[in-house]
>>> print(open('input-v6.cif').read())   # mmCIF, C-alpha atoms
data_coords
loop_
_atom_site.group_PDB
_atom_site.id
_atom_site.type_symbol
_atom_site.label_atom_id
_atom_site.label_comp_id
_atom_site.auth_asym_id
_atom_site.auth_seq_id
_atom_site.Cartn_x
_atom_site.Cartn_y
_atom_site.Cartn_z
ATOM 1 C CA ASP A 1 159.686 71.578 55.033
ATOM 2 C CA GLY A 2 157.406 69.161 56.849
ATOM 3 C CA GLY A 3 153.893 68.644 55.708
ATOM 4 C CA ILE A 4 151.306 66.421 54.114
ATOM 5 C CA THR A 5 151.266 65.685 50.413
ATOM 6 C CA GLN A 6 148.115 64.503 48.708
ATOM 7 C CA SER A 7 148.113 63.385 45.132
ATOM 8 C CA PRO A 8 146.726 63.807 42.632
ATOM 9 C CA LYS A 9 144.994 67.158 43.101
ATOM 10 C CA TYR A 10 142.270 66.252 40.606
ATOM 11 C CA LEU A 11 141.161 62.742 39.738
ATOM 12 C CA PHE A 12 138.572 61.460 37.323
ATOM 13 C CA ARG A 13 137.178 57.963 37.532
ATOM 14 C CA LYS A 14 134.770 55.964 35.504
ATOM 15 C CA GLU A 15 131.875 54.334 37.271
ATOM 16 C CA GLY A 16 132.710 50.850 38.468
ATOM 17 C CA GLN A 17 136.428 51.478 38.848
ATOM 18 C CA ASN A 18 138.436 51.516 42.032
ATOM 19 C CA VAL A 19 140.788 54.430 42.574
ATOM 20 C CA THR A 20 143.466 55.103 45.186
ATOM 21 C CA LEU A 21 144.221 58.501 46.679
ATOM 22 C CA SER A 22 147.699 59.041 48.038
ATOM 23 C CA CYS A 23 148.565 60.709 51.351
ATOM 24 C CA GLU A 24 152.160 61.043 52.578
ATOM 25 C CA GLN A 25 153.430 62.949 55.619
ATOM 26 C CA ASN A 26 156.946 63.711 56.834
ATOM 27 C CA LEU A 27 155.914 65.188 60.170
ATOM 28 C CA ASN A 28 156.547 62.001 62.130
ATOM 29 C CA HIS A 29 152.926 62.066 63.247
ATOM 30 C CA ASP A 30 151.450 58.865 64.632
ATOM 31 C CA ALA A 31 147.827 59.444 63.694
ATOM 32 C CA MET A 32 146.421 59.934 60.223
ATOM 33 C CA TYR A 33 142.892 60.576 58.975
ATOM 34 C CA TRP A 34 140.756 60.716 55.875
ATOM 35 C CA TYR A 35 137.837 63.117 55.624
ATOM 36 C CA ARG A 36 135.304 63.630 52.900
ATOM 37 C CA GLN A 37 133.914 67.077 52.198
ATOM 38 C CA ASP A 38 130.693 67.702 50.295
ATOM 39 C CA PRO A 39 129.091 71.096 49.721
ATOM 40 C CA GLY A 40 127.053 72.080 52.771
ATOM 41 C CA GLN A 41 128.031 68.925 54.647
ATOM 42 C CA GLY A 42 131.221 69.920 56.360
ATOM 43 C CA LEU A 43 133.881 67.282 56.900
ATOM 44 C CA ARG A 44 132.978 63.690 57.631
ATOM 45 C CA LEU A 45 135.446 61.114 58.893
ATOM 46 C CA ILE A 46 136.021 58.085 56.658
ATOM 47 C CA TYR A 47 138.887 56.221 58.344
ATOM 48 C CA TYR A 48 141.614 56.949 60.825
ATOM 49 C CA SER A 49 144.787 55.266 61.977
ATOM 50 C CA GLN A 50 146.573 55.854 65.255
ATOM 51 C CA ILE A 51 149.471 53.518 64.638
ATOM 52 C CA VAL A 52 151.076 51.520 61.859
ATOM 53 C CA ASN A 53 149.155 48.407 60.799
ATOM 54 C CA ASP A 54 146.032 49.534 62.615
ATOM 55 C CA PHE A 55 143.077 51.612 61.468
ATOM 56 C CA GLN A 56 139.483 52.245 62.453
ATOM 57 C CA LYS A 57 136.293 53.045 60.593
ATOM 58 C CA GLY A 58 134.903 56.514 60.857
ATOM 59 C CA ASP A 59 131.355 57.690 60.293
ATOM 60 C CA ILE A 60 131.145 56.959 56.559
ATOM 61 C CA ALA A 61 133.549 54.051 55.881
ATOM 62 C CA GLU A 62 131.278 52.072 53.543
ATOM 63 C CA GLY A 63 132.736 51.811 50.060
ATOM 64 C CA TYR A 64 136.222 52.818 51.170
ATOM 65 C CA SER A 65 139.336 50.955 52.258
ATOM 66 C CA VAL A 66 142.693 52.008 53.690
ATOM 67 C CA SER A 67 146.061 50.594 54.650
ATOM 68 C CA ARG A 68 148.782 51.791 57.009
ATOM 69 C CA GLU A 69 151.917 49.805 56.239
ATOM 70 C CA LYS A 70 154.229 52.732 56.914
ATOM 71 C CA LYS A 71 154.004 55.580 59.394
ATOM 72 C CA GLU A 72 154.349 58.118 56.587
ATOM 73 C CA SER A 73 151.667 56.773 54.279
ATOM 74 C CA PHE A 74 147.903 56.316 54.538
ATOM 75 C CA PRO A 75 146.376 55.663 51.106
ATOM 76 C CA LEU A 76 142.613 55.639 50.609
ATOM 77 C CA THR A 77 140.928 53.413 48.023
ATOM 78 C CA VAL A 78 137.523 54.436 46.792
ATOM 79 C CA THR A 79 135.884 51.244 45.629
ATOM 80 C CA SER A 80 133.101 50.682 43.149
ATOM 81 C CA ALA A 81 130.855 49.987 46.146
ATOM 82 C CA GLN A 82 130.883 53.666 47.062
ATOM 83 C CA LYS A 83 127.605 54.911 45.638
ATOM 84 C CA ASN A 84 128.393 58.601 45.426
ATOM 85 C CA PRO A 85 132.167 59.055 45.363
ATOM 86 C CA THR A 86 132.347 62.509 43.768
ATOM 87 C CA ALA A 87 133.693 64.735 46.551
ATOM 88 C CA PHE A 88 136.695 66.560 47.939
ATOM 89 C CA TYR A 89 138.924 64.291 50.037
ATOM 90 C CA LEU A 90 141.202 65.626 52.744
ATOM 91 C CA CYS A 91 143.959 63.773 54.526
ATOM 92 C CA ALA A 92 145.256 64.930 57.897
ATOM 93 C CA SER A 93 147.708 63.886 60.571
ATOM 94 C CA SER A 94 148.327 64.657 64.218
ATOM 95 C CA ILE A 95 150.684 63.828 67.048
ATOM 96 C CA THR A 96 149.323 62.142 70.113
ATOM 97 C CA GLY A 97 148.057 64.617 72.586
ATOM 98 C CA TRP A 98 145.811 67.581 72.210
ATOM 99 C CA ASP A 99 147.162 69.293 69.141
ATOM 100 C CA GLY A 100 145.003 69.889 66.157
ATOM 101 C CA TYR A 101 145.482 68.382 62.766
ATOM 102 C CA THR A 102 147.755 69.265 59.900
ATOM 103 C CA PHE A 103 145.863 68.951 56.641
ATOM 104 C CA GLY A 104 146.896 68.173 53.117
ATOM 105 C CA SER A 105 145.674 70.255 50.194
ATOM 106 C CA GLY A 106 143.076 67.693 49.170
ATOM 107 C CA THR A 107 142.105 65.591 46.161
ATOM 108 C CA ARG A 108 138.997 66.391 44.189
ATOM 109 C CA LEU A 109 137.516 63.173 42.827
ATOM 110 C CA THR A 110 134.968 63.238 40.036
ATOM 111 C CA VAL A 111 133.181 60.186 38.731
ATOM 112 C CA VAL A 112 132.394 60.432 35.028
ATOM 113 C CA ALA B 1 127.546 61.683 70.839
ATOM 114 C CA GLN B 2 129.319 64.849 69.939
ATOM 115 C CA LYS B 3 127.919 67.534 67.685
ATOM 116 C CA VAL B 4 129.034 70.926 66.421
ATOM 117 C CA THR B 5 126.541 73.386 64.965
ATOM 118 C CA GLN B 6 127.449 76.368 62.865
ATOM 119 C CA ALA B 7 124.070 77.870 62.132
ATOM 120 C CA GLN B 8 125.369 80.504 59.737
ATOM 121 C CA THR B 9 125.861 78.869 56.360
ATOM 122 C CA GLU B 10 127.026 82.015 54.572
ATOM 123 C CA ILE B 11 127.818 85.543 55.719
ATOM 124 C CA SER B 12 128.643 88.582 53.620
ATOM 125 C CA VAL B 13 130.124 91.741 55.073
ATOM 126 C CA VAL B 14 131.617 94.875 53.662
ATOM 127 C CA GLU B 15 135.316 95.341 54.215
ATOM 128 C CA LYS B 16 136.233 96.871 57.599
ATOM 129 C CA GLU B 17 133.070 95.637 59.255
ATOM 130 C CA ASP B 18 133.325 93.354 62.268
ATOM 131 C CA VAL B 19 131.855 89.867 61.927
ATOM 132 C CA THR B 20 131.169 87.071 64.402
ATOM 133 C CA LEU B 21 130.968 83.420 63.425
ATOM 134 C CA ASP B 22 128.899 81.332 65.787
ATOM 135 C CA CYS B 23 129.719 77.849 67.028
ATOM 136 C CA VAL B 24 127.607 75.780 69.406
ATOM 137 C CA TYR B 25 128.681 72.328 70.505
ATOM 138 C CA GLU B 26 127.210 69.338 72.290
ATOM 139 C CA THR B 27 129.162 66.816 74.291
ATOM 140 C CA ARG B 28 128.675 64.695 77.381
ATOM 141 C CA ASP B 29 132.344 64.925 78.261
ATOM 142 C CA THR B 30 133.460 67.207 81.053
ATOM 143 C CA THR B 31 136.788 67.868 79.364
ATOM 144 C CA TYR B 32 137.295 68.414 75.666
ATOM 145 C CA TYR B 33 139.071 70.569 73.139
ATOM 146 C CA LEU B 34 137.662 73.101 70.698
ATOM 147 C CA PHE B 35 139.238 74.281 67.466
ATOM 148 C CA TRP B 36 138.720 76.736 64.653
ATOM 149 C CA TYR B 37 140.034 76.128 61.143
ATOM 150 C CA ARG B 38 140.059 78.274 58.044
ATOM 151 C CA GLN B 39 139.671 76.877 54.509
ATOM 152 C CA PRO B 40 140.681 79.238 51.728
ATOM 153 C CA PRO B 41 139.649 78.530 48.112
ATOM 154 C CA SER B 42 142.787 76.420 47.651
ATOM 155 C CA GLY B 43 141.155 73.789 49.875
ATOM 156 C CA GLU B 44 143.700 73.153 52.616
ATOM 157 C CA LEU B 45 142.402 73.653 56.147
ATOM 158 C CA VAL B 46 144.530 75.967 58.240
ATOM 159 C CA PHE B 47 144.572 75.692 62.026
ATOM 160 C CA LEU B 48 143.626 78.917 63.824
ATOM 161 C CA ILE B 49 143.154 78.150 67.499
ATOM 162 C CA ARG B 50 142.578 75.417 70.076
ATOM 163 C CA ARG B 51 141.010 75.788 73.474
ATOM 164 C CA ASN B 52 140.786 73.465 76.467
ATOM 165 C CA SER B 53 137.384 73.139 78.077
ATOM 166 C CA PHE B 54 138.790 74.121 81.447
ATOM 167 C CA ASP B 55 140.251 77.363 80.108
ATOM 168 C CA GLU B 56 137.483 79.887 79.544
ATOM 169 C CA GLN B 57 139.733 82.845 78.996
ATOM 170 C CA ASN B 58 138.986 84.672 75.793
ATOM 171 C CA GLU B 59 141.814 85.007 73.365
ATOM 172 C CA ILE B 60 142.826 87.745 70.981
ATOM 173 C CA SER B 61 145.287 87.421 68.144
ATOM 174 C CA GLY B 62 145.535 90.550 66.057
ATOM 175 C CA ARG B 63 142.159 91.100 64.414
ATOM 176 C CA TYR B 64 140.902 87.706 65.557
ATOM 177 C CA SER B 65 139.272 86.977 68.882
ATOM 178 C CA TRP B 66 137.511 83.984 70.365
ATOM 179 C CA ASN B 67 134.826 83.940 73.021
ATOM 180 C CA PHE B 68 134.442 80.615 74.823
ATOM 181 C CA GLN B 69 131.422 80.274 77.115
ATOM 182 C CA LYS B 70 131.022 76.875 78.666
ATOM 183 C CA SER B 71 127.671 77.818 80.199
ATOM 184 C CA THR B 72 126.125 78.210 76.754
ATOM 185 C CA SER B 73 128.363 75.639 74.996
ATOM 186 C CA SER B 74 129.540 78.236 72.553
ATOM 187 C CA PHE B 75 132.896 79.085 71.032
ATOM 188 C CA ASN B 76 132.392 82.107 68.814
ATOM 189 C CA PHE B 77 134.952 83.685 66.526
ATOM 190 C CA THR B 78 135.084 87.410 65.788
ATOM 191 C CA ILE B 79 137.047 89.126 63.054
ATOM 192 C CA THR B 80 137.518 92.831 63.650
ATOM 193 C CA ALA B 81 137.888 95.218 60.712
ATOM 194 C CA SER B 82 137.439 92.443 58.163
ATOM 195 C CA GLN B 83 139.538 92.332 55.026
ATOM 196 C CA VAL B 84 138.982 90.743 51.634
ATOM 197 C CA VAL B 85 141.702 88.199 52.444
ATOM 198 C CA ASP B 86 139.525 86.920 55.294
ATOM 199 C CA SER B 87 137.109 85.452 52.743
ATOM 200 C CA ALA B 88 137.092 81.703 53.340
ATOM 201 C CA VAL B 89 135.099 78.898 54.891
ATOM 202 C CA TYR B 90 135.562 78.658 58.646
ATOM 203 C CA PHE B 91 135.077 75.443 60.585
ATOM 204 C CA CYS B 92 134.588 74.903 64.274
ATOM 205 C CA ALA B 93 135.553 71.478 65.633
ATOM 206 C CA LEU B 94 135.424 69.460 68.846
ATOM 207 C CA ARG B 95 137.659 66.684 70.133
ATOM 208 C CA ARG B 96 137.399 64.439 73.146
ATOM 209 C CA THR B 97 140.244 64.125 75.592
ATOM 210 C CA GLY B 98 141.813 60.905 76.719
ATOM 211 C CA ALA B 99 144.003 58.283 75.135
ATOM 212 C CA GLY B 100 143.056 57.403 71.610
ATOM 213 C CA SER B 101 140.563 60.233 71.261
ATOM 214 C CA TYR B 102 142.088 62.024 68.341
ATOM 215 C CA GLN B 103 139.151 62.364 65.974
ATOM 216 C CA LEU B 104 137.754 65.803 65.341
ATOM 217 C CA THR B 105 134.029 66.402 64.935
ATOM 218 C CA PHE B 106 133.482 69.318 62.584
ATOM 219 C CA GLY B 107 130.619 71.705 62.086
ATOM 220 C CA LYS B 108 129.353 72.240 58.558
ATOM 221 C CA GLY B 109 131.275 75.473 58.187
ATOM 222 C CA THR B 110 130.455 79.110 57.605
ATOM 223 C CA LYS B 111 131.386 80.702 54.309
ATOM 224 C CA LEU B 112 132.518 84.273 54.866
ATOM 225 C CA SER B 113 132.633 86.693 51.971
ATOM 226 C CA VAL B 114 134.209 90.077 52.568
ATOM 227 C CA ILE B 115 133.203 92.555 49.898
ATOM 228 C CA PRO B 116 135.555 95.394 49.021
#
>>> encode(input="input-v6.cif", output="structure tokens")
Amino acid sequence: DGGITQSPKYLFRKEGQNVTLSCEQNLNHDAMYWYRQDPGQGLRLIYYSQIVNDFQKGDIAEGYSVSREKKESFPLTVTSAQKNPTAFYLCASSITGWDGYTFGSGTRLTVV
Amino acid sequence: AQKVTQAQTEISVVEKEDVTLDCVYETRDTTYYLFWYRQPPSGELVFLIRRNSFDEQNEISGRYSWNFQKSTSSFNFTITASQVVDSAVYFCALRRTGAGSYQLTFGKGTKLSVIP
């Protein structure tokens, strides 16, 4: 079945360490997205990519980095520069056009 | 700039009651798309509905209905005869039209609790 796979589901990180969250899709979607969700804050866009080897900053890109070397994959690195990284991270994808997103099941990152 | 406001942070209803989740949006665009998503405790957002700005027809799908009113910039969601399984966080979202405009702007969500 087609879908988006995010791994791991739970991730713990020590302060000062970089960590990479995986997002893989087999839907043949062109566009992929990373959102951060905090309690009471809704979803905020971190980065998005509309095509391989191209990506754009969203509203809260500071302290994060991404790559899009393959259509299926859009990993997110949370760097030590991110001041408050503990959050729930959601990856999504969409086809071009007016359809909505397909979401992954999320990764909950906790800094210890 | 685009903005989506869901003024109701949390709502609790008793099972079988009807409940309406409010969504008000702001955009300077004349054409746009509106969405509703559901987030169960498992975390994955589930797509419920999309609506074009030029289509103001209300829509009904089983116990769910959506009321789009462009004049008041609202896109409200009603659940009729609520059930415990409806308990989730519901998000309203807005997207621009046009090439390259794929990003969704989300509201902060409304947490619905249906009490047996």
>>> resolve_selection(input="input-v6.cif", expression="the PyMOL selection byres ((chain B) within 9 of (chain A))", output="short mmCIF file (atom, residue, chain, number, x, y, z; two decimals) with C-alpha atoms, in the coordinates of the input")
data_model
loop_
_atom_site.label_atom_id
_atom_site.label_comp_id
_atom_site.auth_asym_id
_atom_site.auth_seq_id
_atom_site.Cartn_x
_atom_site.Cartn_y
_atom_site.Cartn_z
CA THR B 9 125.86 78.87 56.36
CA TYR B 33 139.07 70.57 73.14
CA PHE B 35 139.24 74.28 67.47
CA SER B 42 142.79 76.42 47.65
CA GLY B 43 141.16 73.79 49.88
CA GLU B 44 143.70 73.15 52.62
CA LEU B 45 142.40 73.65 56.15
CA VAL B 46 144.53 75.97 58.24
CA PHE B 47 144.57 75.69 62.03
CA ILE B 49 143.15 78.15 67.50
CA ARG B 50 142.58 75.42 70.08
CA ASN B 52 140.79 73.46 76.47
CA PHE B 91 135.08 75.44 60.58
CA ARG B 95 137.66 66.68 70.13
CA THR B 97 140.24 64.12 75.59
CA GLY B 98 141.81 60.90 76.72
CA ALA B 99 144.00 58.28 75.14
CA GLY B 100 143.06 57.40 71.61
CA SER B 101 140.56 60.23 71.26
CA TYR B 102 142.09 62.02 68.34
CA GLN B 103 139.15 62.36 65.97
CA LEU B 104 137.75 65.80 65.34
CA THR B 105 134.03 66.40 64.94
CA PHE B 106 133.48 69.32 62.58
CA GLY B 107 130.62 71.70 62.09
CA LYS B 108 129.35 72.24 58.56
CA GLY B 109 131.28 75.47 58.19
#
>>> resolve_selection(input="input-v6.cif", expression="the PyMOL selection byres ((chain B and resi 56-72) around 12)", output="PyMOL selection string")
chain B and resi 16-27+30-36+48-55+73-83+86+92
>>> write_last_selection(input="input-v6.cif", atoms="C-alpha atoms", output="PDB file, keeping the file's coordinate frame")
ATOM      1  CA  LYS B  16     136.233  96.871  57.599  1.00  0.00           C
ATOM      2  CA  GLU B  17     133.070  95.637  59.255  1.00  0.00           C
ATOM      3  CA  ASP B  18     133.325  93.354  62.268  1.00  0.00           C
ATOM      4  CA  VAL B  19     131.855  89.867  61.927  1.00  0.00           C
ATOM      5  CA  THR B  20     131.169  87.071  64.402  1.00  0.00           C
ATOM      6  CA  LEU B  21     130.968  83.420  63.425  1.00  0.00           C
ATOM      7  CA  ASP B  22     128.899  81.332  65.787  1.00  0.00           C
ATOM      8  CA  CYS B  23     129.719  77.849  67.028  1.00  0.00           C
ATOM      9  CA  VAL B  24     127.607  75.780  69.406  1.00  0.00           C
ATOM     10  CA  TYR B  25     128.681  72.328  70.505  1.00  0.00           C
ATOM     11  CA  GLU B  26     127.210  69.338  72.290  1.00  0.00           C
ATOM     12  CA  THR B  27     129.162  66.816  74.291  1.00  0.00           C
ATOM     13  CA  THR B  30     133.460  67.207  81.053  1.00  0.00           C
ATOM     14  CA  THR B  31     136.788  67.868  79.364  1.00  0.00           C
ATOM     15  CA  TYR B  32     137.295  68.414  75.666  1.00  0.00           C
ATOM     16  CA  TYR B  33     139.071  70.569  73.139  1.00  0.00           C
ATOM     17  CA  LEU B  34     137.662  73.101  70.698  1.00  0.00           C
ATOM     18  CA  PHE B  35     139.238  74.281  67.466  1.00  0.00           C
ATOM     19  CA  TRP B  36     138.720  76.736  64.653  1.00  0.00           C
ATOM     20  CA  LEU B  48     143.626  78.917  63.824  1.00  0.00           C
ATOM     21  CA  ILE B  49     143.154  78.150  67.499  1.00  0.00           C
ATOM     22  CA  ARG B  50     142.578  75.417  70.076  1.00  0.00           C
ATOM     23  CA  ARG B  51     141.010  75.788  73.474  1.00  0.00           C
ATOM     24  CA  ASN B  52     140.786  73.465  76.467  1.00  0.00           C
ATOM     25  CA  SER B  53     137.384  73.139  78.077  1.00  0.00           C
ATOM     26  CA  PHE B  54     138.790  74.121  81.447  1.00  0.00           C
ATOM     27  CA  ASP B  55     140.251  77.363  80.108  1.00  0.00           C
ATOM     28  CA  SER B  73     128.363  75.639  74.996  1.00  0.00           C
ATOM     29  CA  SER B  74     129.540  78.236  72.553  1.00  0.00           C
ATOM     30  CA  PHE B  75     132.896  79.085  71.032  1.00  0.00           C
ATOM     31  CA  ASN B  76     132.392  82.107  68.814  1.00  0.00           C
ATOM     32  CA  PHE B  77     134.952  83.685  66.526  1.00  0.00           C
ATOM     33  CA  THR B  78     135.084  87.410  65.788  1.00  0.00           C
ATOM     34  CA  ILE B  79     137.047  89.126  63.054  1.00  0.00           C
ATOM     35  CA  THR B  80     137.518  92.831  63.650  1.00  0.00           C
ATOM     36  CA  ALA B  81     137.888  95.218  60.712  1.00  0.00           C
ATOM     37  CA  SER B  82     137.439  92.443  58.163  1.00  0.00           C
ATOM     38  CA  GLN B  83     139.538  92.332  55.026  1.00  0.00           C
ATOM     39  CA  ASP B  86     139.525  86.920  55.294  1.00  0.00           C
ATOM     40  CA  CYS B  92     134.588  74.903  64.274  1.00  0.00           C
TER      41      CYS B  92
END
>>> atom_distance(input="input-v6.cif", atom1="atom CA of B:Pro116", atom2="atom CA of B:Val85")
10.1 Å
>>> resolve_selection(input="input-v6.cif", expression="the PyMOL selection byres ((chain A and resi 65) around 8)", output="list in words")
Ala61, Gly63, Tyr64, Val66, Ser67, Leu76, Thr77, Val78 and Thr79 of chain A
>>> atom_distance(input="input-v6.cif", atom1="atom CA of A:Ala81", atom2="atom CA of A:Lys57")
15.7 Å
>>> atom_distance(input="input-v6.cif", atom1="atom CA of A:Ile51", atom2="atom CA of A:Lys71")
7.2 Å
>>> closest_residue(input="input-v6.cif", among="A:Gly16, A:Ser7, A:Val52, A:Glu69", to="A:His29", atoms="all atoms listed in the file")
A:Val52
>>> residues_near_point(input="input-v6.cif", point="(140.4, 84.3, 50.6)", cutoff="7 Å", atoms="all atoms listed in the file", output="list of chain:residue names")
B:Pro40, B:Pro41, B:Val84, B:Val85, B:Asp86, B:Ser87, B:Ala88
>>> axis_aligned_box(input="input-v6.cif", around="stretch 61-66 of chain A", padding_each_side="8 Å", output="lines of an AutoDock Vina configuration file")
center_x = 137.0
center_y = 52.5
center_z = 53.0
size_x = 27.4
size_y = 19.1
size_z = 21.8
>>> residues_around(input="input-v6.cif", residues="A:Ser22", least_positions_apart="4", cutoff="8 Å", atoms="all atoms listed in the file", output="tab-separated table (two decimals) with C-alpha atoms, in the frame of the given file")
chain	number	residue	atom	x	y	z
A	5	THR	CA	151.27	65.68	50.41
A	6	GLN	CA	148.12	64.50	48.71
A	7	SER	CA	148.11	63.38	45.13
A	8	PRO	CA	146.73	63.81	42.63
A	73	SER	CA	151.67	56.77	54.28
A	74	PHE	CA	147.90	56.32	54.54
A	75	PRO	CA	146.38	55.66	51.11
A	76	LEU	CA	142.61	55.64	50.61
>>> closest_residue(input="input-v6.cif", among="B:Val14, B:Tyr90, B:Ile115, B:Arg96", to="B:Tyr37", atoms="all atoms listed in the file")
B:Tyr90
